[in-house]
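Trainee: This is the content of data-v2.cif (mmCIF, C-alpha atoms):
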data_entry
loop_
_atom_site.group_PDB
_atom_site.id
_atom_site.type_symbol
_atom_site.label_atom_id
_atom_site.label_comp_id
_atom_site.auth_asym_id
_atom_site.auth_seq_id
_atom_site.Cartn_x
_atom_site.Cartn_y
_atom_site.Cartn_z
ATOM 1 C CA MET S 87 113.938 52.432 72.868
ATOM 2 C CA VAL S 88 112.334 54.800 70.378
ATOM 3 C CA ARG S 89 112.804 58.562 70.517
ATOM 4 C CA ILE S 90 109.692 60.651 69.850
ATOM 5 C CA ASP S 91 111.739 63.283 67.993
ATOM 6 C CA HIS S 92 112.832 60.607 65.482
ATOM 7 C CA LEU S 93 109.218 60.011 64.451
ATOM 8 C CA GLY S 94 107.286 62.010 61.908
ATOM 9 C CA HIS S 95 103.577 62.752 61.734
ATOM 10 C CA ASP S 96 103.319 60.253 58.881
ATOM 11 C CA GLU S 97 103.417 56.575 59.795
ATOM 12 C CA GLN S 98 106.858 54.926 59.598
ATOM 13 C CA GLU S 99 107.498 51.185 59.579
ATOM 14 C CA PHE S 100 110.130 49.523 61.767
ATOM 15 C CA ARG S 101 111.077 45.850 61.904
ATOM 16 C CA PHE S 102 112.359 44.155 65.038
ATOM 17 C CA ALA S 103 113.923 40.706 65.461
ATOM 18 C CA ALA S 104 115.106 39.299 68.777
ATOM 19 C CA THR S 105 118.686 38.021 68.888
ATOM 20 C CA PRO S 106 119.361 34.425 70.038
ATOM 21 C CA ALA S 107 120.435 35.764 73.454
ATOM 22 C CA GLU S 108 117.244 37.832 73.739
ATOM 23 C CA CYS S 109 115.152 34.804 72.742
ATOM 24 C CA GLU S 110 116.848 32.735 75.436
ATOM 25 C CA ALA S 111 116.200 35.412 78.091
ATOM 26 C CA LEU S 112 112.564 35.790 76.995
ATOM 27 C CA ALA S 113 112.046 31.991 77.063
ATOM 28 C CA ALA S 114 113.202 31.967 80.688
ATOM 29 C CA ARG S 115 110.968 34.942 81.490
ATOM 30 C CA PHE S 116 107.934 33.303 79.842
ATOM 31 C CA GLY S 117 108.590 29.865 81.372
ATOM 32 C CA VAL S 118 108.788 28.043 78.029
ATOM 33 C CA LEU S 119 111.375 25.528 76.820
ATOM 34 C CA ARG S 120 112.532 27.637 73.897
ATOM 35 C CA LEU S 121 111.692 30.763 71.958
ATOM 36 C CA GLY S 122 113.043 30.019 68.493
ATOM 37 C CA SER S 123 112.379 33.452 67.066
ATOM 38 C CA LEU S 124 110.495 36.668 67.683
ATOM 39 C CA GLU S 125 109.828 39.144 64.898
ATOM 40 C CA ALA S 126 107.650 42.235 64.917
ATOM 41 C CA THR S 127 106.653 44.955 62.503
ATOM 42 C CA ALA S 128 105.743 48.255 64.145
ATOM 43 C CA ARG S 129 104.120 51.182 62.409
ATOM 44 C CA MET S 130 104.684 54.349 64.438
ATOM 45 C CA GLN S 131 103.828 57.992 64.153
ATOM 46 C CA ARG S 132 104.036 61.062 66.311
ATOM 47 C CA ILE S 133 100.726 62.331 67.708
ATOM 48 C CA LYS S 134 99.715 65.662 69.234
ATOM 49 C CA GLY S 135 100.952 66.365 72.735
ATOM 50 C CA GLY S 136 104.387 64.788 72.358
ATOM 51 C CA GLY S 137 103.222 61.171 72.177
ATOM 52 C CA ALA S 138 103.218 58.371 69.634
ATOM 53 C CA ARG S 139 100.746 55.850 68.217
ATOM 54 C CA VAL S 140 102.166 52.380 67.640
ATOM 55 C CA ARG S 141 100.563 49.507 65.701
ATOM 56 C CA VAL S 142 102.403 46.178 65.993
ATOM 57 C CA ASP S 143 102.111 42.758 64.347
ATOM 58 C CA PHE S 144 104.301 40.053 65.891
ATOM 59 C CA ARG S 145 105.108 36.371 65.475
ATOM 60 C CA ALA S 146 107.075 34.115 67.793
ATOM 61 C CA ASP S 147 108.052 30.441 67.416
ATOM 62 C CA VAL S 148 107.598 28.809 70.819
ATOM 63 C CA VAL S 149 108.417 25.358 72.217
ATOM 64 C CA GLN S 150 106.620 24.409 75.436
ATOM 65 C CA SER S 151 105.982 21.267 77.485
ATOM 66 C CA CYS S 152 102.713 19.454 76.768
ATOM 67 C CA VAL S 153 100.516 19.714 79.877
ATOM 68 C CA VAL S 154 99.553 16.037 79.516
ATOM 69 C CA THR S 155 102.713 14.227 78.367
ATOM 70 C CA LEU S 156 105.417 16.828 79.162
ATOM 71 C CA GLU S 157 106.801 16.274 75.647
ATOM 72 C CA PRO S 158 107.927 19.355 73.670
ATOM 73 C CA VAL S 159 105.183 21.091 71.676
ATOM 74 C CA ALA S 160 105.987 23.645 68.983
ATOM 75 C CA SER S 161 103.530 26.470 68.365
ATOM 76 C CA VAL S 162 103.299 29.979 67.017
ATOM 77 C CA ALA S 163 102.258 32.956 69.115
ATOM 78 C CA ALA S 164 101.079 35.734 66.827
ATOM 79 C CA ASP S 165 98.875 38.765 67.324
ATOM 80 C CA SER S 166 98.460 42.485 66.646
ATOM 81 C CA PHE S 167 97.919 45.440 68.936
ATOM 82 C CA GLU S 168 97.710 49.215 68.889
ATOM 83 C CA LEU S 169 98.914 51.408 71.728
ATOM 84 C CA ASP S 170 99.481 55.095 72.350
ATOM 85 C CA PHE S 171 102.490 56.317 74.297
ATOM 86 C CA LEU S 172 101.995 59.600 76.155
ATOM 87 C CA PRO S 173 104.435 61.846 78.016
ATOM 88 C CA GLU S 174 104.849 61.038 81.689
ATOM 89 C CA GLY S 175 102.053 62.744 83.644
ATOM 90 C CA ASP S 176 99.685 62.919 80.639
ATOM 91 C CA GLU S 177 98.404 59.367 81.006
ATOM 92 C CA PRO S 178 94.830 59.035 82.327
ATOM 93 C CA LYS S 179 94.521 58.400 86.051
ATOM 94 C CA ALA S 180 92.732 55.233 87.157
ATOM 95 C CA VAL S 181 89.989 55.547 89.724
ATOM 96 C CA VAL S 182 90.400 53.114 92.620
ATOM 97 C CA GLY S 183 87.694 50.457 92.571
ATOM 98 C CA GLU S 184 86.700 51.047 88.937
ATOM 99 C CA PHE S 185 87.394 48.476 86.265
ATOM 100 C CA ASP S 186 86.026 48.593 82.761
ATOM 101 C CA ALA S 187 86.685 45.359 80.860
ATOM 102 C CA GLN S 188 85.669 47.064 77.607
ATOM 103 C CA ALA S 189 88.092 49.973 78.052
ATOM 104 C CA GLU S 190 91.072 50.308 75.763
ATOM 105 C CA GLU S 191 94.555 49.430 76.941
ATOM 106 C CA PRO S 192 96.004 52.236 79.075
ATOM 107 C CA PRO S 193 98.720 54.148 77.238
ATOM 108 C CA GLY S 194 102.415 53.495 77.557
ATOM 109 C CA VAL S 195 104.653 56.180 79.021
ATOM 110 C CA VAL S 196 107.158 58.427 77.255
ATOM 111 C CA VAL S 197 110.041 59.223 79.621
ATOM 112 C CA ASP S 198 112.659 61.803 78.664
ATOM 113 C CA GLY S 199 111.390 61.812 75.077
ATOM 114 C CA GLU S 200 111.570 58.049 74.492
ATOM 115 C CA PHE S 201 109.559 54.868 75.034
ATOM 116 C CA ASP S 202 110.347 51.146 75.147
ATOM 117 C CA VAL S 203 108.350 49.419 72.421
ATOM 118 C CA GLY S 204 110.373 46.201 72.857
ATOM 119 C CA ALA S 205 109.166 45.711 76.430
ATOM 120 C CA VAL S 206 105.551 46.165 75.325
ATOM 121 C CA ILE S 207 105.982 43.677 72.480
ATOM 122 C CA ALA S 208 107.397 41.145 74.977
ATOM 123 C CA GLU S 209 104.339 41.638 77.232
ATOM 124 C CA TYR S 210 101.941 40.986 74.355
ATOM 125 C CA VAL S 211 103.926 37.914 73.262
ATOM 126 C CA SER S 212 103.640 36.496 76.789
ATOM 127 C CA LEU S 213 99.858 36.938 76.608
ATOM 128 C CA ALA S 214 99.660 35.222 73.201
ATOM 129 C CA ILE S 215 101.441 32.045 74.366
ATOM 130 C CA ASP S 216 99.063 29.123 74.976
ATOM 131 C CA PRO S 217 98.925 28.588 78.760
ATOM 132 C CA TYR S 218 97.931 24.894 78.347
ATOM 133 C CA PRO S 219 99.740 23.488 75.309
ATOM 134 C CA ARG S 220 98.962 19.919 74.227
ATOM 135 C CA LYS S 221 100.469 17.712 71.576
ATOM 136 C CA PRO S 222 98.054 17.145 68.687
ATOM 137 C CA GLY S 223 95.755 14.211 69.397
ATOM 138 C CA VAL S 224 96.574 14.025 73.112
ATOM 139 C CA GLU S 225 93.549 14.090 75.384
ATOM 140 C CA PHE S 226 93.254 14.241 79.130
ATOM 141 C CA GLY S 227 92.536 10.726 80.404
ATOM 142 C CA LYS S 228 89.794 9.725 82.746
ATOM 143 C CA VAL S 229 90.755 9.718 86.403
ATOM 144 C CA ASP S 230 90.771 6.249 87.965
ATOM 145 C CA ALA S 231 89.479 6.897 91.473
ATOM 146 C CA GLY S 232 90.893 3.681 92.881
ATOM 147 C CA ALA S 233 88.797 1.538 90.555
ATOM 148 C CA VAL S 234 85.717 1.789 92.745
ATOM 149 C CA ARG S 235 83.027 -0.533 91.448
ATOM 150 C CA PRO S 236 79.285 -0.207 92.023
ATOM 151 C CA GLY S 237 78.448 -1.561 95.486
ATOM 152 C CA ASP S 238 81.965 -0.892 96.861
ATOM 153 C CA LYS S 239 82.402 1.559 99.705
ATOM 154 C CA ALA S 240 84.032 4.599 98.051
ATOM 155 C CA ALA S 241 87.154 6.046 99.661
ATOM 156 C CA GLY S 242 86.360 9.329 101.361
ATOM 157 C CA SER S 243 82.676 8.520 101.781
ATOM 158 C CA VAL S 244 80.663 9.301 104.898
ATOM 159 C CA LYS S 245 80.566 5.562 105.713
ATOM 160 C CA ASP S 246 84.351 5.323 106.078
ATOM 161 C CA GLY S 247 84.739 8.548 108.084
ATOM 162 C CA GLY S 248 84.844 11.109 105.288
ATOM 163 C CA PRO S 249 87.642 12.487 103.173
ATOM 164 C CA PHE S 250 89.783 13.449 106.199
ATOM 165 C CA ALA S 251 89.424 10.172 108.110
ATOM 166 C CA ALA S 252 92.997 9.177 107.303
ATOM 167 C CA LEU S 253 94.266 12.374 108.898
ATOM 168 C CA LYS S 254 92.602 11.888 112.303
ATOM 169 C CA ASN S 255 95.464 9.772 113.642
ATOM 170 C CA TRP S 256 98.200 11.731 111.874
ATOM 171 C CA LYS S 257 98.630 14.468 114.491
ATOM 172 C CA GLY S 258 101.931 14.098 116.285
ATOM 173 C CA LYS S 259 103.371 11.477 113.927
ATOM 174 C CA ALA S 260 105.649 13.845 112.040
#
Show the structure stored in the file as structure tokens.
Mentor:
Amino acid sequence: MVRIDHLGHDEQEFRFAATPAECEALAARFGVLRLGSLEATARMQRIKGGGARVRVDFRADVVQSCVVTLEPVASVAADSFELDFLPEGDEPKAVVGEFDAQAEEPPGVVVDGEFDVGAVIAEYVSLAIDPYPRKPGVEFGKVDAGAVRPGDKAAGSVKDGGPFAALKNWKGKA
């Protein structure tokens, strides 16, 4: 948590590093095998109206399961972002049904004079993690659809009753 009254109007730099226990909790939250480290540098300054502008660069060492082989894959999730934090009630109101993909990120909220930059960093780390990690050189294989050869009647074809033909006699056999 960062207190607005501890920030000046000139940019200040803060460094954050997750503890081993925090890395373990974040790995569980992100659904990865291991989060080896998470470090961030945040440059913060107070802005008019009782808010703050925060610019963050982060880097996390991540170990995930390969989506093809399920073997561990090490990678780095790194990115930068900028976000304003505004006092509760000062944030812009969204209009129901409107969505602007080009719009900036909505601001974070300052509650009782403080804001949680750590939670926001964790959110951005989760977005930077590869959702489909693969070991280098591993490719998805071709699907063998029962080794159907030209001239064979393909399983699930109209000729053999369609893709649900096997289910027609299933009812009541549970």
Trainee: What gap, in Å, lies between atom CA of S:Val206 and atom CA of S:Asp143?
Mentor: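 Separation between atom CA of S:Val206 and atom CA of S:Asp143: 12.0 Å.
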Trainee: Find the residues around S:Leu169 up to 7 Å (all atoms listed in the file counted), leave out those fewer than 5 positions away in its own chain, and share them as a ChimeraX atom specification.
Mentor: /S:139-141,193
Trainee: Please indicate the distance in Å from atom CA of S:Glu97 to atom CA of S:Arg132, rounded to one decimal place.
Mentor: 7.9 Å
Trainee: Could you tell me how far atom CA of S:Pro158 lies from atom CA of S:Leu121, in Å and to one decimal?
Mentor: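 One can read the atom CA of S:Pro158 to atom CA of S:Leu121 distance as 12.1 Å.
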Trainee: Which residues, written as a list in words, have at least one atom at most 9 Å from S:Ala138, with all atoms listed in the file counted and residues fewer than 2 positions away on the same chain left out?
Mentor: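 Counting all atoms listed in the file, the residues come to Ile90, Leu93, Met130, Gln131, Arg132, Ile133, Lys134, Gly135, Gly136, Val140, Leu169, Asp170, Phe171, Leu172 and Val196 of chain S.
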Trainee: So that I can check the surroundings of S:Ser161, please list as a list in words every protein, DNA and RNA residue that reaches within 7 Å of it, counting all atoms listed in the file and ignoring chain neighbours fewer than 5 positions away.
Mentor: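 In the requested form, the answer reads Asp147, Val148 and Val149 of chain S.
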Trainee: Can you list, as a list of chain:residue names, every protein, DNA or RNA residue that comes within 12 Å of S:Glu225 when you count only C-alpha atoms, leaving out same-chain residues fewer than 2 positions away?
Mentor: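 Selected residues are S:Cys152, S:Val153, S:Val154, S:Thr155, S:Pro219, S:Arg220, S:Lys221, S:Pro222, S:Gly223, S:Gly227, S:Lys228.
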Trainee: Give me the residues within 6 Å of stretch 102-119 of chain S as a PyMOL selection string, counting only C-alpha atoms and dropping any in the same chain fewer than 3 places off.
Mentor: chain S and resi 124-126+149-150
Trainee: With 3 Å added on each side, what axis-aligned box encloses every listed atom of stretch 95-100 of chain S? Give the centre and edge lengths in Å to one decimal, as AutoDock Vina command-line options.
Mentor:
--center_x 106.7 --center_y 56.1 --center_z 60.3 --size_x 12.8 --size_y 19.2 --size_z 8.9
Trainee: Rank S:Ile207, S:Ala128, S:Gln98, S:Ala214 by their smallest atom-to-atom distance to S:Ala164, using all atoms listed in the file, and report the top residue only.
Mentor: S:Ala214
Trainee: Using only C-alpha atoms, find the one residue out of S:Val197, S:Ala205, S:Val162, S:Met87 that sits nearest to S:Gly122.
Mentor: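 When distances to S:Gly122 are compared using only C-alpha atoms, the smallest one comes from S:Val162.
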Trainee: Using all atoms listed in the file for the distances, tell me which of S:Arg101, S:Val211, S:Glu200, S:Glu174 is nearest to S:Arg145.
Mentor: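 Nearest candidate to S:Arg145 out of S:Arg101, S:Val211, S:Glu200, S:Glu174: S:Val211.
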Trainee: Would you please work out which residue, of S:Phe100, S:Arg120, S:Ala160, S:Phe167, is nearest to S:Tyr210 when using all atoms listed in the file?
Mentor: S:Phe167
Trainee: Pick the closest to S:Val195 from S:Glu168, S:Leu156, S:Pro173, S:Arg89: which is it, counting all atoms listed in the file?
Mentor: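 Among the listed residues, the smallest separation from S:Val195 belongs to S:Pro173.
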